[in-house]
Amino acid sequence: MSALLPAIRSGLLARINPVTKLGCALLVAFTLLATVDWVSAVVAVVLESAVLAFTGLPWRRVLPRLMPLIVAALLAGVTTTLYGVPSGRVWWQWGVVEVTDGSIGFAIATALRILAIGVPSVVLFLTIDPTELADGLAQIVRLPARFVIGALAALRLVGLFFDDWRALSLARRARGVADRGRLQRYAGVVFALLVLAIRRGTKLTTAMESRGFGAAGPRSWARPATLGRADAVAFAIGFAIAATAVAVSVSTGSWHWIAS
Amino acid sequence: MSARGWGWRHAGRREWAVSDLDLVIEPGERVLLLGASGAGKSTLLAALAGVLGGEEEGEERGTLLVDGVDPTQQRGRVGLVLQDPDSQQILARVGDDVAFGLENLGVPLHEIWPRVRASLDAVGLDVPLTRQTAELSGGQKQRLALAGVLAMRPGLLLLDEPTANLDPAGVAEVRASVGSAVRASGATLVVVEHRVAVWRDLVTRVVVIGADGRLLADGAPDRVLAARGDELAAAGVWLPGRAVLPSLAVRPAGERLLAATGLGVGRPGAQPVAEGIEFALGAGEAVVVSGPNGVGKSTTALTLGGLLAPRKGAVTAAPRLAAGAASAPIRWSSRELLTRIGSVFQNPEHQLLASTVRAELAVGPRALRLSAAEVDARVDELLARLRLDGLADANPFTLSGGQKRRLSVATALATRPRVLLLDEPTFGQDALTWAELVLLLGELADAGNAIVAVSHDEELAGALGAREWRLEPRRQQETLR
């Protein structure tokens with residue numbers, strides 16, 4: 001979900017309501033966060049990959065967005081290998097660095113867990129259109145419409161902030177006050193950006209109010225948000241992935257509550 | 001709509017923006033509202049639309065009614081289109097944006113989309129409903145805003161300088177859309193605009209508010225314009241067929257100050273927006289840069305002004321301009337830039353740094369470490385020349401659009417740069433402040449400085465004695481020389 005990039009609207013995922021996608025991503029995430037074993041993470045990653053492979057996503061656009069996540073997972077894995085809680089056979093030791101059976105196992109589990117939670121989240125959010133999500137949150141989840149629509153409209157301003165940032169930096173150079181220290185200059189631009197953000201917000205409020213936003217009386221919806229069969233199927237798949245991961249993990253005796 | 005002794009004073013101001021206004025507009029009338037820059041025209045429209053804000057925003061007196069009711073109680077009966085095309089889209093897609101007002105009014109779903117299509121047709125905006133609003137041109141954005149308002153079927157349509165920020169093609173688009181939409185719907189129309197010629201044939205009545213916020217003239221367009229012509233001109237109204245300043249011969253170029261060779265311009269990291277630019281600027285010269293929206297005029301100005309690095313080729317300051325500094329303006333320090341090349345940005349708000357108008361003007365001279373007496377002298381002179389003296393202690397952000405524009409020009413003038421680059425310096429000016437600005441720029445050129453103005457203003461070049469430099473898409477060559 002990005003204010004700057006239009007959502008990917010092709011493939012099977014586009015037929016699912018954003019609220020369902022959000023629900024699935026949260027369900028899988030919370031389930032996998034309850035445990036620290038590697039079995040549940042492997043099961044989840046394998047099942048997720050299998051499901052996503054059939055959704056007809058434009059992978060050329062999706063893969064580059066997944067790269068930061070993959071890099072993060074690898075880095076987390078390496079760090080955990082070197083500094084994780086030592087246990088079992090010691091493979092290598094150098095100062096505080098200690099590579100053991102325990103730390104390797106924990107590293108694999110951590111890296112896989114990041115992928116298992118991150119990949120579906122990134123993919124689902126890439127395919128969520130902010131407007132549709134707002135429609136869903138207001139009509140299905142019944143969050144207050146004023147709040148949801150206001151947030152949606154404000155999101156459009158994010159793109160403008162980048163332009164503002166550039167213009168403000170150039171303008172300070174033109175005004176003769178850009179020779180001071182970098183930090184001071186940075187602070188000045190941040191402050192000016194805040195002032196501008198408030199200005200833009202005020203203008204947006206005026207534009208919205210003059211179009212009847214906040215008027216008394218019930219609001220209608222131009223894009224009815226509904227949950228259909230596709231949503232039921234999607235949620236069933238999400239639930240199945242989480243449940244299978246838990247079941248396999250528990251039955252192999254590797255389930256390990258994060259708190260214990 | 002009726003106003004009786006109505007007035008409004010913005011919070012923290014001494015003067016009333018509008019005072020003792022008595023005005024009745026009957027249903028179906030089409031009114032052109034004229035007045036000096038800062039005469040409170042926008043304030044009146046905002047009040048009619050019910051978006052002026054509550055008690056913390058200002059103080060109200062008298063009564064103002066629309067259909068006999070307080071305007072804040074009946075949003076949707078009144079539609080307002082504002083000056084700035086970029087601040088009026090609310091949602092990401094064209095269709096959703098037009099539907100937004102209908103949703104707020106609780107229009108049933110089966111009526112929404114037919115009404116969305118009908119209003120887009122009415123303004124002649126022929127783009128898919130799923131088109132991103134951010135991708136539209138300025139003229140299209142204004143027509144989208146108009147469509148969003150028309151879909152709500154307002155009884156009263158208020159337009160606040162809807163064409164001020166548009167190029168001539170955009171002005172014609174919007175004017176035509178408003179004309180056909182108003183004729184089709186029979187709505188009452190109130191339009192605020194400095195330029196009478198654009199709206200004269202459409203309106204049935206002209207109302208003029210004086211600089212003190214009181215009613216100055218009222219009646220049929222031809223009668224008011226003929227009988228009160230001199231008064232109107234004195235109040236800063238642009239009258240058709242009346243040149244505000246005489247047209248001057250093109251100023252001869254003196255010694256070379258600045259040159260661009262094989263210049264490609266663009267944002268860092270993005271594709272160049274224009275390439276192959278050849279340009280030379282001499283002392284005492286004035287240049288008006290024109291061309292369609294998106295052709296790279298603003299980016300070119302920023303690059304010539306030493307604010308963006310050239311993507312290709314070079315910008316070179318002659319020794320006379322560089323005065324000991326490096327020959328490439330992009331390598332100058334911010335302070336070196338001040339006395340050499342001044343830049344005025346398209347959006348004045350980007351250049352505001354201080355909390356009062358007086359302090360804003362002092363920023364540049366202080367950065368030059370001038371004496372306090374010299375700083376005061378320069379600030380006072382500019383305040384008076386650009387009619388900002390009554391606002392010296394106001395917060396720059398609270399000024400009207402036209403006043404902010406003059407302030408940003410004045411901030412650049414305060415450091416007396418040899419070359420002055422201005423992006424749309426005359427936006428939102430009435431005829432009086434426009435003339436002051438142009439005369440001031442002309443004096444700078446007379447004194448041997450050089451002026452480059454990016455502008456859609458068709459009268460600017462003649463009045464300034466500027467040569468015209470038109471940038472064309474993909475073929476940016478200088479037409480003269």
# chains A, B, ... in the order shown; residues from 1 in each chain; ligands from 1
>>> interface_residues(of="chain B", to="chain A", cutoff="7 Å", atoms="only C-alpha atoms", output="number ranges by chain")
B: 49, 51, 75-76, 79-80, 87-88, 90-91, 99, 101, 103-109, 112, 149, 307, 333-335, 337-338, 342-343, 350-351, 364, 367
>>> residues_around(residues="Gly95 (chain A)", least_positions_apart="3", cutoff="12 Å", atoms="only C-alpha atoms", output="PDB file with C-alpha atoms, in the first residue's frame")
ATOM      1  CA  LEU A  82      27.043 -15.351  15.444  1.00  0.00           C
ATOM      2  CA  TYR A  83      25.495 -13.913  18.575  1.00  0.00           C
ATOM      3  CA  TRP A  92      33.523 -21.894  16.018  1.00  0.00           C
ATOM      4  CA  GLU A  98      30.083 -18.290  19.197  1.00  0.00           C
ATOM      5  CA  VAL A  99      28.557 -20.478  16.506  1.00  0.00           C
TER       6      VAL A  99
END
>>> atom_distance(atom1="CA of Ala235 (chain B)", atom2="CA of Gly442 (chain B)")
22.4 Å
>>> residues_around(residues="Ala240 (chain A)", least_positions_apart="6", cutoff="10 Å", atoms="only C-alpha atoms", output="number ranges by chain")
A: 28, 44, 47, 234, 246
>>> closest_residue(among="B:Asp222, B:Gly95, B:Glu468, B:Pro114", to="Pro128 (chain B)", atoms="only C-alpha atoms")
B:Gly95
>>> closest_residue(among="A:Leu227, A:Ile114, A:Val78, A:Leu69", to="Arg15 (chain A)", atoms="only C-alpha atoms")
A:Leu227
>>> select_by_dssp(residues="region 285-363 of chain B", states="alpha helix (DSSP H)", output="ChimeraX atom specification")
/B:297-304,319-322,334-340,357-363
>>> atom_distance(atom1="CA of Leu44 (chain B)", atom2="CA of Ala197 (chain A)")
25.3 Å
>>> residues_around(residues="Thr100 (chain A)", least_positions_apart="3", cutoff="10 Å", atoms="only C-alpha atoms", output="JSON list (two decimals) with N, CA and C atoms, in the first residue's frame")
[["chain", "number", "residue", "atom", "x", "y", "z"],
["A", 81, "THR", "N", 23.17, -16.34, 14.08],
["A", 81, "THR", "CA", 24.16, -17.41, 14.07],
["A", 81, "THR", "C", 25.36, -17.03, 14.93],
["A", 82, "LEU", "N", 25.82, -15.78, 14.76],
["A", 82, "LEU", "CA", 27.04, -15.35, 15.44],
["A", 82, "LEU", "C", 26.83, -15.03, 16.91],
["A", 83, "TYR", "N", 25.67, -14.42, 17.22],
["A", 83, "TYR", "CA", 25.49, -13.91, 18.57],
["A", 83, "TYR", "C", 24.37, -14.59, 19.34],
["A", 84, "GLY", "N", 23.67, -15.56, 18.73],
["A", 84, "GLY", "CA", 22.53, -16.20, 19.39],
["A", 84, "GLY", "C", 22.95, -16.95, 20.65],
["A", 85, "VAL", "N", 21.93, -17.27, 21.48],
["A", 85, "VAL", "CA", 22.22, -17.99, 22.73],
["A", 85, "VAL", "C", 22.91, -19.32, 22.41],
["A", 86, "PRO", "N", 24.13, -19.56, 22.92],
["A", 86, "PRO", "CA", 24.85, -20.79, 22.56],
["A", 86, "PRO", "C", 24.25, -22.01, 23.26],
["A", 87, "SER", "N", 24.22, -23.13, 22.55],
["A", 87, "SER", "CA", 23.83, -24.41, 23.14],
["A", 87, "SER", "C", 24.26, -25.50, 22.18],
["A", 88, "GLY", "N", 24.47, -26.72, 22.68],
["A", 88, "GLY", "CA", 24.89, -27.84, 21.85],
["A", 88, "GLY", "C", 26.33, -27.70, 21.41],
["A", 89, "ARG", "N", 26.65, -28.37, 20.31],
["A", 89, "ARG", "CA", 28.01, -28.44, 19.85],
["A", 89, "ARG", "C", 28.53, -27.07, 19.41],
["A", 90, "VAL", "N", 29.76, -26.75, 19.78],
["A", 90, "VAL", "CA", 30.36, -25.47, 19.39],
["A", 90, "VAL", "C", 31.17, -25.68, 18.12],
["A", 91, "TRP", "N", 30.82, -24.94, 17.06],
["A", 91, "TRP", "CA", 31.51, -25.07, 15.77],
["A", 91, "TRP", "C", 32.68, -24.09, 15.67],
["A", 92, "TRP", "N", 32.51, -22.93, 16.20],
["A", 92, "TRP", "CA", 33.52, -21.89, 16.02],
["A", 92, "TRP", "C", 33.37, -20.86, 17.12],
["A", 93, "GLN", "N", 34.47, -20.37, 17.64],
["A", 93, "GLN", "CA", 34.37, -19.36, 18.69],
["A", 93, "GLN", "C", 35.45, -18.31, 18.51],
["A", 97, "VAL", "N", 31.72, -13.94, 19.75],
["A", 97, "VAL", "CA", 31.10, -14.69, 18.66],
["A", 97, "VAL", "C", 31.22, -16.18, 18.95],
["A", 103, "SER", "N", 22.56, -21.88, 18.14],
["A", 103, "SER", "CA", 22.45, -20.58, 17.48],
["A", 103, "SER", "C", 22.14, -20.75, 15.99],
["A", 104, "ILE", "N", 22.67, -21.83, 15.36],
["A", 104, "ILE", "CA", 22.36, -22.05, 13.94],
["A", 104, "ILE", "C", 20.88, -22.36, 13.76],
["A", 105, "GLY", "N", 20.38, -23.23, 14.62],
["A", 105, "GLY", "CA", 18.96, -23.59, 14.54],
["A", 105, "GLY", "C", 18.07, -22.37, 14.73],
["A", 106, "PHE", "N", 18.42, -21.56, 15.71],
["A", 106, "PHE", "CA", 17.63, -20.38, 16.00],
["A", 106, "PHE", "C", 17.70, -19.38, 14.85]]
